[in-house]
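Structure first, then comments.
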Amino acid sequence: MAEETNITLTQLKNSIAKHGSSTRGYGDPTLMRFLIAQSMEPDKAAKMFVQWQKWRDTMVPNGFISNFEVPRELETRKIFLQGLSQDKYPLMIVQACRHFPFKDQIQFKKFIIHIFDKTIASASKGHEVGNEKFIIILDLHNISYKNVDSRGLITGFQFLQSYYPERLAKFYILHMPWFFVSVWRLVSGFLDKATKEKIVIIRNESERKKFIDEVGEEILPEECGGRAKLVAIQDFEVMIPHENGRTN
């Protein structure tokens, strides 16, 4: 199996070179994410990798998005970074009741990159960031119609699927109100099968207990059934590395 994987990785690197790009500076764990996302097909993975490189060069020319580039989104204090789950995955929590759709879509997209990159970096501790996954909890407690942003949710999932392949470990949804069901049905139409399989909607006490056991009571905040306090992502100190392993 290891030999087959090495052959496939070599094929991927050759295919990327044919596209006029390079894998220099990128470790095998990073390349494997693209292969897994494309069912181990080197040519498809190469195309996805090259598109990702071009996207990063356009959206993140400095290698990372600083706090100063997304001030409006950060000031709402709606994203929280809680540490590592039972399976050692970084845990991000989104409090939807603090979110309000914003006309500046460029800043919003940069904000998504900022929070994804910082969440990944929170688990790297100096190691290559290629194979790190993370957990997201979307907490819909106390949301109203003014907080609903189907476009924003779709953008976030599209980024996960196209530009953060094999990064998502689990996506939990808590406290879904009845009026959000139709919104979720719309959003789900944009999700691929692999992403849908990672989404868990907590609907009852039994599912809630299983969710707490899987994630870990010690890092879940009280609002989600745990014992920890919420930590806003801007208060979580971490170096944000490039995807090729260098830090800024």
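For the structure tokens, the naming scheme is as follows: chains receive sequential letters (A, B, ...) according to their order of presentation, residues are indexed from 1 within each chain, and ligands are indexed from 1 in presentation order.
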
With the cut-off set at 7 Å and counting only C-alpha atoms, tabulate each residue of stretch 80-158 of chain A with an atom at most that distance from an atom of stretch 217-237 of chain A, showing the nearest atom pair and its distance in Å to one decimal, ordered by chain and increasing number, as JSON lines.
{"residue": "A:Phe80", "atom": "CA", "partner": "A:Ala232", "partner_atom": "CA", "distance": 4.2}
{"residue": "A:Leu81", "atom": "CA", "partner": "A:Ile233", "partner_atom": "CA", "distance": 5.1}
{"residue": "A:Gln82", "atom": "CA", "partner": "A:Ile219", "partner_atom": "CA", "distance": 5.9}
{"residue": "A:Gly83", "atom": "CA", "partner": "A:Ile219", "partner_atom": "CA", "distance": 6.5}
{"residue": "A:Ser85", "atom": "CA", "partner": "A:Ile219", "partner_atom": "CA", "distance": 6.9}

Residues near A:Ile106, anyone? I mean within 12 Å using only C-alpha atoms, not counting same-chain ones fewer than 3 positions away, as a PyMOL selection string. chain A and resi 58-60+65+69-70+72-73+102-103+109-113+152+155

How would the residues just chosen look if you wrote them out with N, CA and C atoms as an mmCIF file, in the first residue's frame?
data_model
loop_
_atom_site.group_PDB
_atom_site.id
_atom_site.type_symbol
_atom_site.label_atom_id
_atom_site.label_comp_id
_atom_site.auth_asym_id
_atom_site.auth_seq_id
_atom_site.Cartn_x
_atom_site.Cartn_y
_atom_site.Cartn_z
ATOM 1 N N THR A 58 -4.043 34.782 -5.033
ATOM 2 C CA THR A 58 -4.935 35.930 -5.224
ATOM 3 C C THR A 58 -5.514 36.442 -3.911
ATOM 4 N N MET A 59 -6.024 35.521 -3.102
ATOM 5 C CA MET A 59 -6.726 35.898 -1.876
ATOM 6 C C MET A 59 -5.806 36.115 -0.685
ATOM 7 N N VAL A 60 -4.678 35.397 -0.674
ATOM 8 C CA VAL A 60 -3.774 35.461 0.486
ATOM 9 C C VAL A 60 -2.340 35.688 0.013
ATOM 10 N N ILE A 65 -3.985 36.024 6.536
ATOM 11 C CA ILE A 65 -4.872 37.181 6.668
ATOM 12 C C ILE A 65 -4.759 37.705 8.088
ATOM 13 N N GLU A 69 -7.074 43.118 8.518
ATOM 14 C CA GLU A 69 -7.776 43.019 7.241
ATOM 15 C C GLU A 69 -9.256 42.686 7.407
ATOM 16 N N VAL A 70 -9.646 42.234 8.604
ATOM 17 C CA VAL A 70 -11.037 41.804 8.815
ATOM 18 C C VAL A 70 -11.613 42.392 10.111
ATOM 19 N N ARG A 72 -14.159 44.412 10.872
ATOM 20 C CA ARG A 72 -15.601 44.439 11.074
ATOM 21 C C ARG A 72 -16.115 43.066 11.490
ATOM 22 N N GLU A 73 -15.573 42.015 10.878
ATOM 23 C CA GLU A 73 -16.012 40.661 11.207
ATOM 24 C C GLU A 73 -15.525 40.232 12.594
ATOM 25 N N PHE A 102 -23.046 41.056 5.815
ATOM 26 C CA PHE A 102 -22.276 42.260 5.548
ATOM 27 C C PHE A 102 -22.109 42.409 4.037
ATOM 28 N N LYS A 103 -22.262 43.607 3.518
ATOM 29 C CA LYS A 103 -22.172 43.822 2.078
ATOM 30 C C LYS A 103 -20.761 43.628 1.536
ATOM 31 N N LYS A 109 -14.979 36.960 2.871
ATOM 32 C CA LYS A 109 -14.219 35.821 2.354
ATOM 33 C C LYS A 109 -12.844 35.749 3.007
ATOM 34 N N LYS A 110 -12.217 36.898 3.189
ATOM 35 C CA LYS A 110 -10.922 36.921 3.879
ATOM 36 C C LYS A 110 -11.067 36.467 5.324
ATOM 37 N N PHE A 111 -12.204 36.800 5.922
ATOM 38 C CA PHE A 111 -12.465 36.387 7.296
ATOM 39 C C PHE A 111 -12.573 34.864 7.386
ATOM 40 N N ILE A 112 -13.231 34.251 6.438
ATOM 41 C CA ILE A 112 -13.335 32.792 6.424
ATOM 42 C C ILE A 112 -11.942 32.165 6.339
ATOM 43 N N ILE A 113 -11.112 32.705 5.459
ATOM 44 C CA ILE A 113 -9.739 32.206 5.340
ATOM 45 C C ILE A 113 -8.998 32.392 6.662
ATOM 46 N N GLY A 152 -23.620 33.371 3.067
ATOM 47 C CA GLY A 152 -22.396 33.228 3.840
ATOM 48 C C GLY A 152 -22.088 31.777 4.155
ATOM 49 N N THR A 155 -20.846 30.055 1.005
ATOM 50 C CA THR A 155 -19.459 30.452 0.726
ATOM 51 C C THR A 155 -18.489 29.688 1.616
#

Contacts of stretch 54-154 of chain A with stretch 175-183 of chain A up to 8 Å, shortest pair per row, only C-alpha atoms, as a Markdown table:
| residue | atom | partner | partner_atom | distance |
| --- | --- | --- | --- | --- |
| A:Asp139 | CA | A:His175 | CA | 6.4 |
| A:Leu140 | CA | A:His175 | CA | 5.2 |
| A:His141 | CA | A:His175 | CA | 5.2 |
| A:Ser150 | CA | A:Val183 | CA | 6.4 |

Extract the full set of alpha helix (DSSP H) residues from stretch 88-245 of chain A according to DSSP on the backbone, and format it as a ChimeraX atom specification. /A:105-124,150-163,181-188,193-196,205-215

Residue subset to file, keeping C-alpha atoms, as a compact mmCIF listing (two decimals), in the first residue's frame:
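Dumped to again37.txt:
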# COMPACT_ATOMS: atom_id res chain seq x y z
CA GLN A 105 -18.04 40.16 0.54
CA ILE A 106 -14.27 40.49 0.05
CA GLN A 107 -13.74 41.09 3.76
CA PHE A 108 -16.12 38.24 4.60
CA LYS A 109 -14.22 35.82 2.35
CA LYS A 110 -10.92 36.92 3.88
CA PHE A 111 -12.47 36.39 7.30
CA ILE A 112 -13.34 32.79 6.42
CA ILE A 113 -9.74 32.21 5.34
CA HIS A 114 -8.49 33.87 8.53
CA ILE A 115 -10.55 31.67 10.86
CA PHE A 116 -9.83 28.44 8.95
CA ASP A 117 -6.09 29.11 8.81
CA LYS A 118 -5.91 30.07 12.47
CA THR A 119 -7.90 27.02 13.54
CA ILE A 120 -5.57 24.73 11.60
CA ALA A 121 -2.51 26.48 13.00
CA SER A 122 -3.75 26.07 16.57
CA ALA A 123 -2.98 22.35 16.36
CA SER A 124 0.28 22.44 14.40
CA SER A 150 -27.49 31.43 3.53
CA ARG A 151 -25.03 33.05 1.11
CA GLY A 152 -22.40 33.23 3.84
CA LEU A 153 -22.91 29.58 4.80
CA ILE A 154 -22.68 28.47 1.20
CA THR A 155 -19.46 30.45 0.73
CA GLY A 156 -17.94 28.85 3.83
CA PHE A 157 -18.78 25.35 2.66
CA GLN A 158 -17.55 26.06 -0.87
CA PHE A 159 -14.22 27.17 0.58
CA LEU A 160 -14.03 23.98 2.64
CA GLN A 161 -14.77 21.80 -0.37
CA SER A 162 -12.62 23.56 -2.95
CA TYR A 163 -9.75 25.08 -1.00
CA VAL A 181 -34.86 24.11 8.30
CA SER A 182 -35.68 25.61 4.91
CA VAL A 183 -32.42 27.60 4.97
CA TRP A 184 -30.45 24.44 5.69
CA ARG A 185 -32.25 22.60 2.89
CA LEU A 186 -31.08 25.32 0.49
CA VAL A 187 -27.49 25.24 1.77
CA SER A 188 -27.37 21.43 1.64
CA LYS A 193 -21.53 13.77 -0.48
CA ALA A 194 -18.27 13.71 1.49
CA THR A 195 -19.15 16.97 3.25
CA LYS A 196 -22.71 15.90 4.04
CA GLU A 205 -30.82 14.55 24.48
CA SER A 206 -29.33 11.23 23.37
CA GLU A 207 -27.55 12.86 20.43
CA ARG A 208 -26.45 15.70 22.72
CA LYS A 209 -24.78 13.29 25.17
CA LYS A 210 -23.00 11.48 22.34
CA PHE A 211 -21.85 14.83 20.93
CA ILE A 212 -20.41 15.91 24.30
CA ASP A 213 -18.59 12.57 24.69
CA GLU A 214 -17.12 12.78 21.18
CA VAL A 215 -15.89 16.35 21.44

If I take atom CA of A:Leu138 and atom CA of A:Gln53, how far is one from the other in Å, to one decimal? 28.3 Å

Shortest contact to A:Leu74, candidates A:His99, A:Phe190, A:Ala169, A:Glu197, atoms counted only C-alpha atoms, goes to A:His99

One decimal, in Å: what's the spacing between atom CA of A:Lys133 and atom CA of A:Ile93? 14.5 Å

Could you find all residues in stretch 56-248 of chain A that DSSP calls strand (DSSP E) from the backbone, and write them as a count of residues only? 28

Which of these, A:Phe34, A:Tyr26, A:Tyr164, A:Phe100, has the shortest distance to A:Met48 once you count only C-alpha atoms? A:Phe34

In Å, how far is it from atom CA of A:Arg33 to atom CA of A:Ser15?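 Atom-to-atom, atom CA of A:Arg33 to atom CA of A:Ser15, that is 15.7 Å.
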